[in-house]
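Structure below is query.cif: mmCIF, C-alpha atoms.
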data_model
loop_
_atom_site.label_atom_id
_atom_site.label_comp_id
_atom_site.auth_asym_id
_atom_site.auth_seq_id
_atom_site.Cartn_x
_atom_site.Cartn_y
_atom_site.Cartn_z
CA GLY A 79 175.80 201.43 70.16
CA ALA A 80 177.29 204.89 69.88
CA GLY A 81 175.88 207.60 72.07
CA VAL A 82 175.46 211.28 71.33
CA SER A 83 178.74 212.87 70.30
CA GLN A 84 179.70 216.52 70.30
CA SER A 85 182.63 218.43 68.91
CA PRO A 86 184.79 220.13 69.79
CA SER A 87 184.98 219.14 73.45
CA ASN A 88 186.56 222.48 74.29
CA LYS A 89 186.56 225.75 72.42
CA VAL A 90 188.38 228.91 73.42
CA THR A 91 187.64 231.95 71.33
CA GLU A 92 188.04 235.68 71.40
CA LYS A 93 185.16 238.03 71.98
CA GLY A 94 183.53 238.95 68.70
CA LYS A 95 184.44 235.74 66.85
CA ASP A 96 181.90 233.26 65.53
CA VAL A 97 181.86 229.65 66.72
CA GLU A 98 180.20 226.47 65.48
CA LEU A 99 179.37 223.57 67.74
CA ARG A 100 178.44 220.20 66.34
CA CYS A 101 176.18 217.44 67.61
CA ASP A 102 175.76 213.89 66.27
CA PRO A 103 172.64 212.36 67.81
CA ILE A 104 171.98 208.68 68.34
CA SER A 105 171.01 207.03 65.08
CA GLY A 106 167.25 206.79 64.76
CA HIS A 107 166.50 209.52 67.26
CA THR A 108 164.24 212.07 65.65
CA ALA A 109 164.28 214.63 68.44
CA LEU A 110 167.33 216.77 69.16
CA TYR A 111 167.76 219.40 71.86
CA TRP A 112 170.40 221.99 72.64
CA TYR A 113 170.92 223.22 76.21
CA ARG A 114 173.29 225.62 77.85
CA GLN A 115 174.72 225.03 81.31
CA SER A 116 176.63 227.76 83.07
CA LEU A 117 179.05 226.82 85.84
CA GLY A 118 177.22 225.21 88.73
CA GLN A 119 173.84 225.97 87.21
CA GLY A 120 170.94 224.01 85.77
CA LEU A 121 170.16 223.36 82.14
CA GLU A 122 168.78 226.17 80.01
CA PHE A 123 166.77 225.04 76.98
CA LEU A 124 167.91 226.64 73.73
CA ILE A 125 166.36 224.93 70.71
CA TYR A 126 164.54 221.77 69.70
CA PHE A 127 164.33 219.85 66.41
CA GLN A 128 161.81 217.12 65.66
CA GLY A 129 162.08 215.31 62.36
CA ASN A 130 161.42 217.66 59.46
CA SER A 131 159.25 220.04 61.45
CA ALA A 132 160.18 223.67 61.98
CA PRO A 133 162.46 223.93 65.00
CA ASP A 134 161.36 225.44 68.29
CA LYS A 135 163.77 228.33 68.77
CA SER A 136 162.01 229.83 71.75
CA GLY A 137 164.96 229.34 74.09
CA LEU A 138 167.62 231.08 72.01
CA PRO A 139 168.86 234.02 74.09
CA SER A 140 169.53 236.39 71.19
CA ASP A 141 169.65 236.57 67.41
CA ARG A 142 173.37 235.85 67.58
CA PHE A 143 172.42 232.23 68.21
CA SER A 144 171.20 229.97 65.43
CA ALA A 145 171.07 226.26 64.77
CA GLU A 146 170.36 223.93 61.94
CA ARG A 147 169.91 220.23 61.53
CA THR A 148 170.83 218.67 58.22
CA GLY A 149 169.12 215.56 56.94
CA GLY A 150 167.38 215.03 60.24
CA SER A 151 170.65 214.00 61.85
CA VAL A 152 173.68 216.16 62.59
CA SER A 153 173.04 219.57 64.13
CA THR A 154 175.20 222.67 64.30
CA LEU A 155 174.76 225.46 66.83
CA THR A 156 176.29 228.73 65.67
CA ILE A 157 177.04 231.68 67.91
CA GLN A 158 177.97 234.86 66.09
CA ARG A 159 179.97 237.72 67.58
CA THR A 160 180.56 235.80 70.80
CA GLN A 161 180.38 237.62 74.11
CA GLN A 162 181.94 236.68 77.43
CA GLU A 163 178.52 235.83 78.85
CA ASP A 164 178.25 233.09 76.21
CA SER A 165 180.89 231.11 78.10
CA ALA A 166 179.24 227.89 79.25
CA VAL A 167 178.95 224.21 78.49
CA TYR A 168 176.68 223.57 75.53
CA LEU A 169 174.94 220.20 75.76
CA CYS A 170 173.13 218.37 73.02
CA ALA A 171 170.59 215.65 73.72
CA SER A 172 168.54 213.36 71.55
CA SER A 173 165.50 211.20 72.13
CA LEU A 174 163.48 208.67 70.17
CA ALA A 175 160.69 211.11 69.49
CA GLY A 176 159.71 214.54 70.56
CA VAL A 177 157.46 213.66 73.42
CA ALA A 178 158.15 214.45 77.04
CA TYR A 179 157.83 210.80 78.03
CA ASN A 180 161.02 209.88 76.25
CA GLU A 181 164.30 210.01 78.13
CA GLN A 182 166.91 212.29 76.71
CA PHE A 183 170.41 211.05 76.00
CA PHE A 184 173.03 213.73 76.47
CA GLY A 185 176.32 214.21 74.73
CA PRO A 186 179.51 215.08 76.62
CA GLY A 187 179.09 218.77 75.84
CA THR A 188 181.26 221.50 74.41
CA ARG A 189 182.89 223.82 76.91
CA LEU A 190 183.00 227.27 75.36
CA THR A 191 185.25 229.94 76.80
CA VAL A 192 185.06 233.44 75.39
CA LEU A 193 188.05 235.59 76.30
CA GLY B 173 155.69 230.98 83.99
CA GLN B 174 156.02 227.32 84.83
CA GLN B 175 158.81 226.60 87.29
CA VAL B 176 160.51 223.55 88.72
CA MET B 177 162.35 224.14 91.96
CA GLN B 178 164.72 221.83 93.79
CA ILE B 179 165.92 221.86 97.36
CA PRO B 180 168.41 221.75 98.84
CA GLN B 181 170.80 223.37 96.42
CA TYR B 182 173.71 221.61 98.02
CA GLN B 183 174.25 218.86 100.60
CA HIS B 184 177.39 217.46 102.13
CA VAL B 185 176.97 214.13 103.97
CA GLN B 186 179.13 211.56 105.65
CA GLU B 187 179.39 208.28 103.77
CA GLY B 188 176.68 205.99 105.08
CA GLU B 189 174.21 208.79 105.83
CA ASP B 190 170.97 209.13 103.94
CA PHE B 191 170.22 211.91 101.46
CA THR B 192 167.01 213.35 100.06
CA THR B 193 166.37 215.95 97.38
CA TYR B 194 162.96 217.48 96.73
CA CYS B 195 161.48 218.75 93.52
CA ASN B 196 158.45 221.02 93.32
CA SER B 197 156.58 222.19 90.24
CA SER B 198 154.32 225.20 89.99
CA THR B 199 151.99 223.18 87.76
CA THR B 200 150.78 219.59 87.55
CA LEU B 201 153.16 217.38 85.60
CA SER B 202 152.27 214.49 83.31
CA ASN B 203 155.52 212.84 84.30
CA ILE B 204 158.80 213.60 85.98
CA GLN B 205 162.29 212.47 85.12
CA TRP B 206 165.42 212.35 87.23
CA TYR B 207 168.96 212.75 85.92
CA LYS B 208 172.37 212.49 87.55
CA GLN B 209 175.37 214.50 86.46
CA ARG B 210 178.75 213.43 87.79
CA PRO B 211 181.37 216.17 88.25
CA GLY B 212 182.71 217.08 84.83
CA GLY B 213 180.18 214.82 83.14
CA HIS B 214 176.87 215.12 81.40
CA PRO B 215 173.37 214.38 82.69
CA VAL B 216 172.40 210.73 82.62
CA PHE B 217 168.81 209.57 82.84
CA LEU B 218 167.94 207.70 86.03
CA ILE B 219 164.19 207.14 86.00
CA GLN B 220 160.78 208.41 84.97
CA LEU B 221 157.65 208.54 87.12
CA VAL B 222 154.23 208.84 85.54
CA LYS B 223 151.51 207.81 87.97
CA SER B 224 150.18 209.79 90.89
CA GLY B 225 151.77 208.51 94.11
CA GLU B 226 154.18 206.27 92.22
CA VAL B 227 157.23 204.92 94.04
CA LYS B 228 160.14 203.30 92.25
CA LYS B 229 163.33 201.87 93.64
CA GLN B 230 166.75 201.36 92.12
CA LYS B 231 168.96 199.63 94.68
CA ARG B 232 169.59 202.32 97.31
CA LEU B 233 167.65 205.02 95.42
CA THR B 234 163.94 205.56 96.03
CA PHE B 235 161.93 207.90 93.82
CA GLN B 236 158.47 209.20 94.64
CA PHE B 237 155.92 211.16 92.64
CA GLY B 238 153.42 213.11 94.71
CA GLU B 239 149.71 212.42 94.74
CA ALA B 240 149.01 215.78 93.12
CA LYS B 241 151.79 215.19 90.56
CA LYS B 242 153.40 218.51 91.46
CA ASN B 243 156.27 217.26 93.55
CA SER B 244 158.78 214.46 93.63
CA SER B 245 161.64 213.27 95.75
CA LEU B 246 164.77 211.18 95.45
CA HIS B 247 166.05 209.45 98.55
CA ILE B 248 169.40 207.70 98.73
CA THR B 249 169.93 205.27 101.59
CA ALA B 250 173.44 204.85 103.02
CA THR B 251 175.25 207.11 100.59
CA GLN B 252 178.49 206.02 98.97
CA THR B 253 181.22 208.10 97.37
CA THR B 254 179.98 206.93 93.99
CA ASP B 255 176.74 208.85 94.63
CA VAL B 256 178.59 212.16 94.32
CA GLY B 257 177.12 214.42 91.66
CA THR B 258 174.27 216.77 90.90
CA TYR B 259 170.76 215.36 90.75
CA PHE B 260 168.25 217.09 88.50
CA CYS B 261 164.54 216.60 88.22
CA ALA B 262 162.81 217.56 84.99
CA GLY B 263 159.20 217.91 83.97
CA PRO B 264 157.52 218.67 80.66
CA ARG B 265 156.75 222.31 79.96
CA ASP B 266 153.02 222.76 79.50
CA SER B 267 152.65 219.08 78.63
CA SER B 268 154.90 219.55 75.61
CA TYR B 269 158.06 217.83 74.48
CA LYS B 270 160.26 220.38 76.24
CA LEU B 271 161.60 219.53 79.66
CA ILE B 272 162.08 222.11 82.36
CA PHE B 273 165.01 221.12 84.51
CA GLY B 274 165.20 221.97 88.17
CA SER B 275 168.27 223.81 89.38
CA GLY B 276 169.72 220.58 90.76
CA THR B 277 170.96 219.37 94.12
CA ARG B 278 174.67 218.89 94.40
CA LEU B 279 175.63 215.98 96.65
CA LEU B 280 179.07 215.64 98.19
CA VAL B 281 179.94 212.54 100.22
CA ARG B 282 182.74 212.53 102.81
CA PRO B 283 184.52 209.14 102.88
#

Show me the file's structure as structure tokens.
Amino acid sequence: GAGVSQSPSNKVTEKGKDVELRCDPISGHTALYWYRQSLGQGLEFLIYFQGNSAPDKSGLPSDRFSAERTGGSVSTLTIQRTQQEDSAVYLCASSLAGVAYNEQFFGPGTRLTVL
Amino acid sequence: GQQVMQIPQYQHVQEGEDFTTYCNSSTTLSNIQWYKQRPGGHPVFLIQLVKSGEVKKQKRLTFQFGEAKKNSSLHITATQTTDVGTYFCAGPRDSSYKLIFGSGTRLLVRP
């Protein structure tokens, strides 16, 4: 079946602009995660959605970052007034349920470059 | 706060040599997962270990979970160029759904 998909694959934007990144999780997966990976670095947790529960936003680095998940499926990560330090690969992952025993399936990521 | 550390950060080996990466947590983990990320790719799940002292093998890869469930290792026997990539361990944060990823070990293999 289809895996996790993300769009766009690459995004170049100017400092101060807003960007939206999209994630389509695997059908039937109730848990959805967003991570940020800077060049050569590990994965930084941003936000987590589980079903219809309130999202865990504890990893969002500033109030310029927000995310929503519509209908328990597609998710959008929005970065307002982008800064150069926002440049990174943004990875989305989904899993069957929001428990740490479930493997996470990652999408290909969106590479964001802020000029 | 809870931390997951990996060493080495980077290793360059000759094809055919063995390779080991170590993962250490500041707290006891209920389970540990290992992921591989090929250059330019995304992390892909390899395996999960749950039991104290557990050892699992996948062909040339051997995974171990420490007796105290605070450390883990991945050993690759006779590396091949297809093993190139970054290997991450990940453990649940405070027994929750969130995974803390280690910083990863980047493996390069000389043909």

Exercise for review: Go ahead and compute the interatomic distance for atom CA of Gln158 of chain A and atom CA of Glu98 of chain A, in Å to one decimal.
Suggested key: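 Atom CA of Gln158 of chain A sits 8.7 Å away from atom CA of Glu98 of chain A.
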
Result set of the PyMOL selection byres ((chain A and resi 110) around 10) on the coordinates above, as a JSON list (two decimals) with C-alpha atoms, keeping the file's coordinate frame:
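part.json, freshly written:
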[["chain", "number", "residue", "atom", "x", "y", "z"],
["A", 101, "CYS", "CA", 176.18, 217.44, 67.61],
["A", 102, "ASP", "CA", 175.76, 213.89, 66.27],
["A", 103, "PRO", "CA", 172.64, 212.36, 67.81],
["A", 104, "ILE", "CA", 171.98, 208.68, 68.34],
["A", 107, "HIS", "CA", 166.50, 209.52, 67.26],
["A", 108, "THR", "CA", 164.24, 212.07, 65.65],
["A", 109, "ALA", "CA", 164.28, 214.63, 68.44],
["A", 111, "TYR", "CA", 167.76, 219.40, 71.86],
["A", 112, "TRP", "CA", 170.40, 221.99, 72.64],
["A", 125, "ILE", "CA", 166.36, 224.93, 70.71],
["A", 126, "TYR", "CA", 164.54, 221.77, 69.70],
["A", 127, "PHE", "CA", 164.33, 219.85, 66.41],
["A", 128, "GLN", "CA", 161.81, 217.12, 65.66],
["A", 129, "GLY", "CA", 162.08, 215.31, 62.36],
["A", 133, "PRO", "CA", 162.46, 223.93, 65.00],
["A", 147, "ARG", "CA", 169.91, 220.23, 61.53],
["A", 150, "GLY", "CA", 167.38, 215.03, 60.24],
["A", 151, "SER", "CA", 170.65, 214.00, 61.85],
["A", 152, "VAL", "CA", 173.68, 216.16, 62.59],
["A", 153, "SER", "CA", 173.04, 219.57, 64.13],
["A", 170, "CYS", "CA", 173.13, 218.37, 73.02],
["A", 171, "ALA", "CA", 170.59, 215.65, 73.72],
["A", 172, "SER", "CA", 168.54, 213.36, 71.55],
["A", 173, "SER", "CA", 165.50, 211.20, 72.13],
["A", 174, "LEU", "CA", 163.48, 208.67, 70.17],
["A", 175, "ALA", "CA", 160.69, 211.11, 69.49],
["A", 176, "GLY", "CA", 159.71, 214.54, 70.56],
["A", 182, "GLN", "CA", 166.91, 212.29, 76.71],
["A", 183, "PHE", "CA", 170.41, 211.05, 76.00],
["A", 184, "PHE", "CA", 173.03, 213.73, 76.47]]

Review point. What residues in chain B have any atom no more than 12 Å from chain A when counting all atoms listed in the file, and can you write them as a VMD selection string?
Key: chain B and resid 176 to 178 181 to 182 201 to 222 257 to 278

Practice item. Please identify all polymer residues within 7 Å of Val256 of chain B, counting all atoms listed in the file, omitting same-chain residues fewer than 4 positions from it, and present them as a list of chain:residue names. Key: B:Arg210, B:Leu279, B:Leu280, B:Val281

On this structure, which residues satisfy the PyMOL selection byres ((chain A and resi 92) around 7), written as a PDB file with C-alpha atoms, in the frame of the given file?
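In the end it all went to part24.pdb:
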ATOM      1  CA  THR A  91     187.640 231.950  71.330  1.00  0.00           C
ATOM      2  CA  LYS A  93     185.160 238.030  71.980  1.00  0.00           C
ATOM      3  CA  GLY A  94     183.530 238.950  68.700  1.00  0.00           C
ATOM      4  CA  LYS A  95     184.440 235.740  66.850  1.00  0.00           C
ATOM      5  CA  VAL A 192     185.060 233.440  75.390  1.00  0.00           C
ATOM      6  CA  LEU A 193     188.050 235.590  76.300  1.00  0.00           C
TER       7      LEU A 193
END

Output the residue selection produced by the PyMOL selection byres ((chain B and resi 238) around 12) on the file above, formatted as a short mmCIF file (atom, residue, chain, number, x, y, z; two decimals) with C-alpha atoms, keeping the file's coordinate frame.
data_model
loop_
_atom_site.label_atom_id
_atom_site.label_comp_id
_atom_site.auth_asym_id
_atom_site.auth_seq_id
_atom_site.Cartn_x
_atom_site.Cartn_y
_atom_site.Cartn_z
CA TYR B 194 162.96 217.48 96.73
CA CYS B 195 161.48 218.75 93.52
CA ASN B 196 158.45 221.02 93.32
CA SER B 197 156.58 222.19 90.24
CA THR B 200 150.78 219.59 87.55
CA LEU B 201 153.16 217.38 85.60
CA SER B 202 152.27 214.49 83.31
CA ASN B 203 155.52 212.84 84.30
CA ILE B 204 158.80 213.60 85.98
CA LEU B 221 157.65 208.54 87.12
CA VAL B 222 154.23 208.84 85.54
CA LYS B 223 151.51 207.81 87.97
CA SER B 224 150.18 209.79 90.89
CA GLY B 225 151.77 208.51 94.11
CA GLU B 226 154.18 206.27 92.22
CA VAL B 227 157.23 204.92 94.04
CA PHE B 235 161.93 207.90 93.82
CA GLN B 236 158.47 209.20 94.64
CA PHE B 237 155.92 211.16 92.64
CA GLU B 239 149.71 212.42 94.74
CA ALA B 240 149.01 215.78 93.12
CA LYS B 241 151.79 215.19 90.56
CA LYS B 242 153.40 218.51 91.46
CA ASN B 243 156.27 217.26 93.55
CA SER B 244 158.78 214.46 93.63
CA SER B 245 161.64 213.27 95.75
CA LEU B 246 164.77 211.18 95.45
#

Review point. Can you list, as a PyMOL selection string, every protein, DNA or RNA residue that comes within 7 Å of Ser85 of chain A when you count all atoms listed in the file, leaving out same-chain residues fewer than 5 positions away?
Key: chain A and resi 99-101+188

Can you write out the residues you just picked, keeping C-alpha atoms, as a short mmCIF file (atom, residue, chain, number, x, y, z; two decimals), in the coordinates of the input?
data_model
loop_
_atom_site.label_atom_id
_atom_site.label_comp_id
_atom_site.auth_asym_id
_atom_site.auth_seq_id
_atom_site.Cartn_x
_atom_site.Cartn_y
_atom_site.Cartn_z
CA LEU A 99 179.37 223.57 67.74
CA ARG A 100 178.44 220.20 66.34
CA CYS A 101 176.18 217.44 67.61
CA THR A 188 181.26 221.50 74.41
#

**Study point:** Coordinates-based distance that separates atom CA of Glu146 of chain A from atom CA of Ser105 of chain A (Å, one decimal)
**Key:**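 Those two atoms sit 17.2 Å apart.
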
**Study point:** Polymer residues at most 9 Å from Glu189 of chain B, all atoms listed in the file, same-chain spacing of 6 or more positions, as a PyMOL selection string
**Key:** chain B and resi 248-252+281

Check your understanding: By how many Å are atom CA of Gly106 of chain A and atom CA of Lys135 of chain A apart?
Key -> 22.2 Å

Check your understanding: Between B:Ile179, B:Gly173, B:His247, B:His184, which one has atoms that come closest to Thr199 of chain B, using only C-alpha atoms?
Key -> B:Gly173

Exercise for review: Compile the contact shell of Arg282 of chain B as a PyMOL selection string: residues with an atom at most 8 Å away, counting only C-alpha atoms, same-chain residues fewer than 4 positions apart removed.
Suggested key: chain B and resi 184-187+253

Residues within 6 Å of Ala166 of chain A, please, as a CSV table (one decimal) with C-alpha atoms, keeping the file's coordinate frame. Count all atoms listed in the file; anything in the same chain fewer than 2 positions from it doesn't count.
chain,number,residue,atom,x,y,z
A,115,GLN,CA,174.7,225.0,81.3
A,116,SER,CA,176.6,227.8,83.1
A,189,ARG,CA,182.9,223.8,76.9
A,190,LEU,CA,183.0,227.3,75.4

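Candidate residues A:Thr148, A:Thr156, A:Val97, A:Ser87 were compared for distance to Leu124 of chain A, and the nearest is A:Thr156, using only C-alpha atoms.
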